[in-house]
>>> print(open('coords_4.cif').read())   # mmCIF, C-alpha atoms; chains and numbers go by the auth columns
data_work
#
loop_
_atom_site.group_PDB
_atom_site.id
_atom_site.type_symbol
_atom_site.label_atom_id
_atom_site.label_comp_id
_atom_site.label_asym_id
_atom_site.label_seq_id
_atom_site.Cartn_x
_atom_site.Cartn_y
_atom_site.Cartn_z
_atom_site.B_iso_or_equiv
_atom_site.auth_seq_id
_atom_site.auth_asym_id
ATOM 1 C CA MET A 1 0.000 0.000 0.000 0.00 1 Z
ATOM 2 C CA LEU A 2 2.798 2.372 0.916 0.00 2 Z
ATOM 3 C CA LEU A 3 4.571 1.552 -2.331 0.00 3 Z
ATOM 4 C CA LEU A 4 1.414 2.311 -4.336 0.00 4 Z
ATOM 5 C CA TRP A 5 1.005 5.677 -2.586 0.00 5 Z
ATOM 6 C CA TYR A 6 4.683 6.539 -3.304 0.00 6 Z
ATOM 7 C CA ILE A 7 4.300 5.703 -7.032 0.00 7 Z
ATOM 8 C CA ILE A 8 1.140 7.828 -7.346 0.00 8 Z
ATOM 9 C CA PHE A 9 2.812 10.757 -5.521 0.00 9 Z
ATOM 10 C CA LYS A 10 5.925 10.610 -7.747 0.00 10 Z
ATOM 11 C CA THR A 11 3.825 10.319 -10.904 0.00 11 Z
ATOM 12 C CA LYS A 12 1.794 13.414 -9.964 0.00 12 Z
ATOM 13 C CA THR A 13 4.983 15.365 -9.186 0.00 13 Z
ATOM 14 C CA ILE A 14 6.556 14.402 -12.501 0.00 14 Z
ATOM 15 C CA MET A 15 3.337 15.272 -14.358 0.00 15 Z
ATOM 16 C CA LYS A 16 3.175 18.698 -12.677 0.00 16 Z
ATOM 17 C CA LYS A 17 6.788 19.453 -13.621 0.00 17 Z
ATOM 18 C CA THR A 18 6.215 18.265 -17.186 0.00 18 Z
ATOM 19 C CA MET A 19 3.063 20.360 -17.604 0.00 19 Z
ATOM 20 C CA LEU A 20 4.807 23.400 -16.109 0.00 20 Z
ATOM 21 C CA SER A 21 7.729 22.961 -18.516 0.00 21 Z
ATOM 22 C CA ILE A 22 5.381 22.678 -21.485 0.00 22 Z
ATOM 23 C CA ALA A 23 3.421 25.738 -20.344 0.00 23 Z
ATOM 24 C CA LEU A 24 6.631 27.766 -20.156 0.00 24 Z
ATOM 25 C CA VAL A 25 8.232 26.572 -23.400 0.00 25 Z
ATOM 26 C CA CYS A 26 5.236 26.714 -25.780 0.00 26 Z
ATOM 27 C CA PRO A 27 4.705 30.509 -25.665 0.00 27 Z
ATOM 28 C CA LEU A 28 8.412 31.041 -26.305 0.00 28 Z
ATOM 29 C CA PHE A 29 8.275 28.772 -29.333 0.00 29 Z
ATOM 30 C CA PHE A 30 5.288 30.529 -30.859 0.00 30 Z
ATOM 31 C CA CYS A 31 6.669 34.022 -30.167 0.00 31 Z
ATOM 32 C CA SER A 32 10.023 33.188 -31.705 0.00 32 Z
ATOM 33 C CA CYS A 33 8.342 31.960 -34.896 0.00 33 Z
ATOM 34 C CA ASN A 34 6.323 35.144 -35.228 0.00 34 Z
ATOM 35 C CA LYS A 35 9.063 37.530 -36.389 0.00 35 Z
ATOM 36 C CA PRO A 36 12.783 37.210 -37.123 0.00 36 Z
ATOM 37 C CA ALA A 37 15.160 38.857 -34.664 0.00 37 Z
ATOM 38 C CA SER A 38 16.511 40.978 -37.510 0.00 38 Z
ATOM 39 C CA ASP A 39 13.355 43.088 -37.400 0.00 39 Z
ATOM 40 C CA GLN A 40 13.948 44.198 -33.851 0.00 40 Z
ATOM 41 C CA THR A 41 15.962 47.053 -32.438 0.00 41 Z
ATOM 42 C CA ALA A 42 18.650 46.600 -29.795 0.00 42 Z
ATOM 43 C CA GLY A 43 16.003 47.312 -27.136 0.00 43 Z
ATOM 44 C CA GLY A 44 13.881 44.413 -28.384 0.00 44 Z
ATOM 45 C CA GLU A 45 11.016 46.460 -29.778 0.00 45 Z
ATOM 46 C CA ALA A 46 9.711 45.761 -33.239 0.00 46 Z
ATOM 47 C CA THR A 47 10.617 48.359 -35.860 0.00 47 Z
ATOM 48 C CA GLU A 48 8.217 47.581 -38.648 0.00 48 Z
ATOM 49 C CA ALA A 49 4.631 48.503 -39.263 0.00 49 Z
ATOM 50 C CA PRO A 50 2.196 46.042 -40.763 0.00 50 Z
ATOM 51 C CA VAL A 51 2.527 45.937 -44.521 0.00 51 Z
ATOM 52 C CA THR A 52 -0.618 46.465 -46.507 0.00 52 Z
ATOM 53 C CA GLU A 53 -1.210 44.200 -49.461 0.00 53 Z
ATOM 54 C CA VAL A 54 -0.284 45.755 -52.764 0.00 54 Z
ATOM 55 C CA ALA A 55 -2.122 44.701 -55.874 0.00 55 Z
ATOM 56 C CA ALA A 56 0.170 43.856 -58.753 0.00 56 Z
ATOM 57 C CA GLU A 57 -0.105 46.203 -61.712 0.00 57 Z
ATOM 58 C CA GLN A 58 1.020 43.480 -64.112 0.00 58 Z
ATOM 59 C CA PRO A 59 2.208 39.905 -63.851 0.00 59 Z
ATOM 60 C CA VAL A 60 5.977 39.705 -63.546 0.00 60 Z
ATOM 61 C CA ALA A 61 8.160 36.804 -64.547 0.00 61 Z
ATOM 62 C CA PRO A 62 10.282 35.639 -61.609 0.00 62 Z
ATOM 63 C CA GLN A 63 13.707 37.212 -61.491 0.00 63 Z
ATOM 64 C CA LYS A 64 16.042 34.556 -62.902 0.00 64 Z
ATOM 65 C CA GLU A 65 19.374 35.792 -61.589 0.00 65 Z
ATOM 66 C CA ASN A 66 20.314 35.676 -57.930 0.00 66 Z
ATOM 67 C CA PHE A 67 18.622 38.511 -56.050 0.00 67 Z
ATOM 68 C CA LEU A 68 20.122 37.827 -52.602 0.00 68 Z
ATOM 69 C CA LEU A 69 23.642 39.243 -52.720 0.00 69 Z
ATOM 70 C CA THR A 70 26.583 39.023 -50.338 0.00 70 Z
ATOM 71 C CA PRO A 71 28.108 42.371 -49.304 0.00 71 Z
ATOM 72 C CA ALA A 72 30.892 41.978 -51.906 0.00 72 Z
ATOM 73 C CA GLU A 73 28.408 41.152 -54.693 0.00 73 Z
ATOM 74 C CA PHE A 74 26.101 43.977 -53.582 0.00 74 Z
ATOM 75 C CA LYS A 75 28.981 46.491 -53.639 0.00 75 Z
ATOM 76 C CA ALA A 76 30.137 45.367 -57.087 0.00 76 Z
ATOM 77 C CA LYS A 77 26.659 45.453 -58.683 0.00 77 Z
ATOM 78 C CA MET A 78 25.401 48.681 -57.085 0.00 78 Z
ATOM 79 C CA THR A 79 27.920 50.743 -59.081 0.00 79 Z
ATOM 80 C CA SER A 80 25.801 50.443 -62.238 0.00 80 Z
ATOM 81 C CA GLU A 81 24.629 53.832 -63.559 0.00 81 Z
ATOM 82 C CA ASN A 82 21.061 52.468 -63.511 0.00 82 Z
ATOM 83 C CA ALA A 83 21.336 51.479 -59.803 0.00 83 Z
ATOM 84 C CA VAL A 84 19.242 52.935 -56.978 0.00 84 Z
ATOM 85 C CA ILE A 85 20.196 51.947 -53.420 0.00 85 Z
ATOM 86 C CA ILE A 86 17.321 51.950 -50.930 0.00 86 Z
ATOM 87 C CA ASP A 87 17.740 51.803 -47.147 0.00 87 Z
ATOM 88 C CA VAL A 88 14.442 50.707 -45.533 0.00 88 Z
ATOM 89 C CA ARG A 89 15.527 51.136 -41.881 0.00 89 Z
ATOM 90 C CA THR A 90 14.154 53.620 -39.364 0.00 90 Z
ATOM 91 C CA PRO A 91 15.812 57.022 -38.758 0.00 91 Z
ATOM 92 C CA PRO A 92 17.254 55.919 -35.365 0.00 92 Z
ATOM 93 C CA GLU A 93 18.897 52.928 -37.086 0.00 93 Z
ATOM 94 C CA LEU A 94 20.420 55.211 -39.716 0.00 94 Z
ATOM 95 C CA LYS A 95 21.820 57.466 -37.029 0.00 95 Z
ATOM 96 C CA ARG A 96 23.149 54.575 -34.941 0.00 96 Z
ATOM 97 C CA GLU A 97 24.719 52.432 -37.681 0.00 97 Z
ATOM 98 C CA GLY A 98 25.258 54.808 -40.582 0.00 98 Z
ATOM 99 C CA TYR A 99 24.195 54.123 -44.156 0.00 99 Z
ATOM 100 C CA ILE A 100 25.692 53.026 -47.460 0.00 100 Z
ATOM 101 C CA GLU A 101 26.878 56.034 -49.441 0.00 101 Z
ATOM 102 C CA GLY A 102 24.447 57.090 -52.151 0.00 102 Z
ATOM 103 C CA SER A 103 21.459 55.293 -50.633 0.00 103 Z
ATOM 104 C CA THR A 104 17.959 56.722 -50.542 0.00 104 Z
ATOM 105 C CA HIS A 105 16.060 56.331 -47.273 0.00 105 Z
ATOM 106 C CA ILE A 106 12.487 55.001 -47.484 0.00 106 Z
ATOM 107 C CA ASP A 107 11.410 53.880 -43.998 0.00 107 Z
ATOM 108 C CA PHE A 108 9.672 50.478 -44.105 0.00 108 Z
ATOM 109 C CA SER A 109 7.602 51.402 -41.030 0.00 109 Z
ATOM 110 C CA ASP A 110 6.267 54.554 -42.725 0.00 110 Z
ATOM 111 C CA ARG A 111 2.533 54.306 -43.475 0.00 111 Z
ATOM 112 C CA GLU A 112 3.192 55.594 -46.988 0.00 112 Z
ATOM 113 C CA PHE A 113 5.998 53.107 -47.708 0.00 113 Z
ATOM 114 C CA SER A 114 4.083 51.159 -50.369 0.00 114 Z
ATOM 115 C CA ASP A 115 3.013 54.398 -52.120 0.00 115 Z
ATOM 116 C CA LYS A 116 6.602 55.690 -52.144 0.00 116 Z
ATOM 117 C CA ILE A 117 7.875 52.387 -53.554 0.00 117 Z
ATOM 118 C CA ALA A 118 5.118 52.256 -56.183 0.00 118 Z
ATOM 119 C CA ALA A 119 6.109 55.740 -57.395 0.00 119 Z
ATOM 120 C CA LEU A 120 9.657 54.620 -58.294 0.00 120 Z
ATOM 121 C CA ASP A 121 10.824 54.000 -61.878 0.00 121 Z
ATOM 122 C CA LYS A 122 10.314 50.273 -62.527 0.00 122 Z
ATOM 123 C CA ASN A 123 13.026 50.209 -65.218 0.00 123 Z
ATOM 124 C CA LYS A 124 15.914 50.878 -62.826 0.00 124 Z
ATOM 125 C CA GLU A 125 17.882 48.348 -60.771 0.00 125 Z
ATOM 126 C CA TYR A 126 17.142 48.513 -57.044 0.00 126 Z
ATOM 127 C CA TYR A 127 19.507 47.463 -54.266 0.00 127 Z
ATOM 128 C CA VAL A 128 17.569 47.201 -51.022 0.00 128 Z
ATOM 129 C CA TYR A 129 18.904 46.695 -47.497 0.00 129 Z
ATOM 130 C CA CYS A 130 17.857 46.960 -43.859 0.00 130 Z
ATOM 131 C CA HIS A 131 19.438 45.941 -40.546 0.00 131 Z
ATOM 132 C CA ALA A 132 19.712 42.182 -41.119 0.00 132 Z
ATOM 133 C CA GLY A 133 17.563 41.280 -44.137 0.00 133 Z
ATOM 134 C CA GLY A 134 13.986 40.807 -42.879 0.00 134 Z
ATOM 135 C CA ARG A 135 12.422 44.097 -43.934 0.00 135 Z
ATOM 136 C CA SER A 136 14.432 44.374 -47.151 0.00 136 Z
ATOM 137 C CA GLY A 137 13.221 40.880 -48.109 0.00 137 Z
ATOM 138 C CA LYS A 138 9.625 41.992 -47.598 0.00 138 Z
ATOM 139 C CA ALA A 139 10.291 45.190 -49.552 0.00 139 Z
ATOM 140 C CA LYS A 140 11.719 43.103 -52.412 0.00 140 Z
ATOM 141 C CA GLN A 141 8.603 40.903 -52.442 0.00 141 Z
ATOM 142 C CA MET A 142 6.406 44.001 -52.563 0.00 142 Z
ATOM 143 C CA MET A 143 8.467 45.445 -55.418 0.00 143 Z
ATOM 144 C CA ASP A 144 8.189 42.145 -57.310 0.00 144 Z
ATOM 145 C CA LYS A 145 4.387 42.298 -57.011 0.00 145 Z
ATOM 146 C CA LEU A 146 4.434 45.883 -58.265 0.00 146 Z
ATOM 147 C CA GLY A 147 6.284 44.891 -61.437 0.00 147 Z
ATOM 148 C CA PHE A 148 9.883 45.882 -60.702 0.00 148 Z
ATOM 149 C CA ALA A 149 12.158 43.768 -62.897 0.00 149 Z
ATOM 150 C CA LYS A 150 15.480 43.989 -61.027 0.00 150 Z
ATOM 151 C CA VAL A 151 15.503 44.152 -57.238 0.00 151 Z
ATOM 152 C CA TYR A 152 18.481 42.919 -55.234 0.00 152 Z
ATOM 153 C CA ASP A 153 18.566 42.333 -51.485 0.00 153 Z
ATOM 154 C CA LEU A 154 21.687 42.633 -49.295 0.00 154 Z
ATOM 155 C CA LYS A 155 22.060 39.283 -47.528 0.00 155 Z
ATOM 156 C CA GLY A 156 22.447 39.984 -43.798 0.00 156 Z
ATOM 157 C CA GLY A 157 21.716 43.698 -44.203 0.00 157 Z
ATOM 158 C CA ILE A 158 23.920 46.505 -42.921 0.00 158 Z
ATOM 159 C CA THR A 159 25.078 44.139 -40.172 0.00 159 Z
ATOM 160 C CA ALA A 160 26.791 41.881 -42.734 0.00 160 Z
ATOM 161 C CA TRP A 161 28.022 44.945 -44.651 0.00 161 Z
ATOM 162 C CA LEU A 162 29.763 46.294 -41.541 0.00 162 Z
ATOM 163 C CA ALA A 163 31.064 42.841 -40.543 0.00 163 Z
ATOM 164 C CA THR A 164 32.914 42.593 -43.860 0.00 164 Z
ATOM 165 C CA GLY A 165 34.589 45.964 -43.308 0.00 165 Z
ATOM 166 C CA GLN A 166 32.593 47.933 -45.882 0.00 166 Z
ATOM 167 C CA ASP A 167 32.339 51.721 -45.480 0.00 167 Z
ATOM 168 C CA VAL A 168 29.271 53.605 -44.255 0.00 168 Z
ATOM 169 C CA VAL A 169 28.423 57.286 -43.904 0.00 169 Z
ATOM 170 C CA LYS A 170 27.708 58.392 -40.342 0.00 170 Z
#
>>> encode(input="coords_4.cif", output="structure tokens")
Amino acid sequence: MLLLWYIIFKTKTIMKKTMLSIALVCPLFFCSCNKPASDQTAGGEATEAPVTEVAAEQPVAPQKENFLLTPAEFKAKMTSENAVIIDVRTPPELKREGYIEGSTHIDFSDREFSDKIAALDKNKEYYVYCHAGGRSGKAKQMMDKLGFAKVYDLKGGITAWLATGQDVVK
């Protein structure tokens, strides 16, 4: 009888610990899947506003060449006379980390972001970057839907650019 009571007691204790562990781990799992860490500032707050859906003006064939470029590839290709470099970070990020020389700032969290992007010349080549690649990837997708033919994304964002020793303007 004593042995039976001991087994039941231990089983309940193990079950309580298991349920508590599951209750603590599950929310962390779902929160971490919600948004990549690259879209957060150093303080942990999200820096992007919800993106509104943009209707495509015309169907676009998928870009055949590689659109995700390393910092070295990005630097080499962005020197084209038809190139437009777009920084989609927030003003505090620009001030804190600097920006790639010659880039145009269009804040991804700005309510008018999609309108500003839609107003750009679709025949130019666009080189888009953010802090670590999350927002610039979304901007590239939006530009694809709008009919832009050549949009390149900096793999790893300004973080990768700086890590490879590339210059920025402060």
>>> residues_near_point(input="coords_4.cif", point="(23.9, 47.9, -46.1)", cutoff="6 Å", atoms="all atoms listed in the file", output="list in words")
Ile100, Tyr129, Gly157, Ile158 and Trp161 of chain Z
>>> closest_residue(input="coords_4.cif", among="Z:Glu125, Z:Asp87, Z:Glu73, Z:Asp153", to="Z:Gly102", atoms="all atoms listed in the file")
Z:Asp87
>>> closest_residue(input="coords_4.cif", among="Z:Lys95, Z:Lys145, Z:Arg89, Z:His105", to="Z:Lys170", atoms="only C-alpha atoms")
Z:Lys95
>>> atom_distance(input="coords_4.cif", atom1="atom CA of Z:Ala163", atom2="atom CA of Z:Ile85")
19.2 Å
>>> atom_distance(input="coords_4.cif", atom1="atom CA of Z:Ala83", atom2="atom CA of Z:Tyr127")
7.1 Å
>>> atom_distance(input="coords_4.cif", atom1="atom CA of Z:Phe108", atom2="atom CA of Z:Met142")
11.1 Å
>>> resolve_selection(input="coords_4.cif", expression="the PyMOL selection byres ((chain Z and resi 136) around 9)", output="PDB file with C-alpha atoms, in the coordinates of the input")
ATOM      1  CA  ILE Z  86      17.321  51.950 -50.930  1.00  0.00           C
ATOM      2  CA  ASP Z  87      17.740  51.803 -47.147  1.00  0.00           C
ATOM      3  CA  VAL Z  88      14.442  50.707 -45.533  1.00  0.00           C
ATOM      4  CA  ARG Z  89      15.527  51.136 -41.881  1.00  0.00           C
ATOM      5  CA  PHE Z 108       9.672  50.478 -44.105  1.00  0.00           C
ATOM      6  CA  VAL Z 128      17.569  47.201 -51.022  1.00  0.00           C
ATOM      7  CA  TYR Z 129      18.904  46.695 -47.497  1.00  0.00           C
ATOM      8  CA  CYS Z 130      17.857  46.960 -43.859  1.00  0.00           C
ATOM      9  CA  HIS Z 131      19.438  45.941 -40.546  1.00  0.00           C
ATOM     10  CA  ALA Z 132      19.712  42.182 -41.119  1.00  0.00           C
ATOM     11  CA  GLY Z 133      17.563  41.280 -44.137  1.00  0.00           C
ATOM     12  CA  GLY Z 134      13.986  40.807 -42.879  1.00  0.00           C
ATOM     13  CA  ARG Z 135      12.422  44.097 -43.934  1.00  0.00           C
ATOM     14  CA  GLY Z 137      13.221  40.880 -48.109  1.00  0.00           C
ATOM     15  CA  LYS Z 138       9.625  41.992 -47.598  1.00  0.00           C
ATOM     16  CA  ALA Z 139      10.291  45.190 -49.552  1.00  0.00           C
ATOM     17  CA  LYS Z 140      11.719  43.103 -52.412  1.00  0.00           C
ATOM     18  CA  GLN Z 141       8.603  40.903 -52.442  1.00  0.00           C
ATOM     19  CA  ASP Z 153      18.566  42.333 -51.485  1.00  0.00           C
ATOM     20  CA  LEU Z 154      21.687  42.633 -49.295  1.00  0.00           C
ATOM     21  CA  GLY Z 157      21.716  43.698 -44.203  1.00  0.00           C
TER      22      GLY Z 157
END
>>> closest_residue(input="coords_4.cif", among="Z:Ala160, Z:Gly165, Z:Lys124, Z:Leu68", to="Z:Phe148", atoms="only C-alpha atoms")
Z:Lys124
>>> closest_residue(input="coords_4.cif", among="Z:Pro92, Z:Lys116, Z:Tyr126, Z:Gln166", to="Z:Tyr152", atoms="all atoms listed in the file")
Z:Tyr126
>>> closest_residue(input="coords_4.cif", among="Z:Lys155, Z:Met78, Z:Lys150, Z:Phe67", to="Z:Asn123", atoms="all atoms listed in the file")
Z:Lys150
>>> closest_residue(input="coords_4.cif", among="Z:Leu162, Z:Ala118, Z:Val169, Z:Leu69", to="Z:Leu146", atoms="all atoms listed in the file")
Z:Ala118
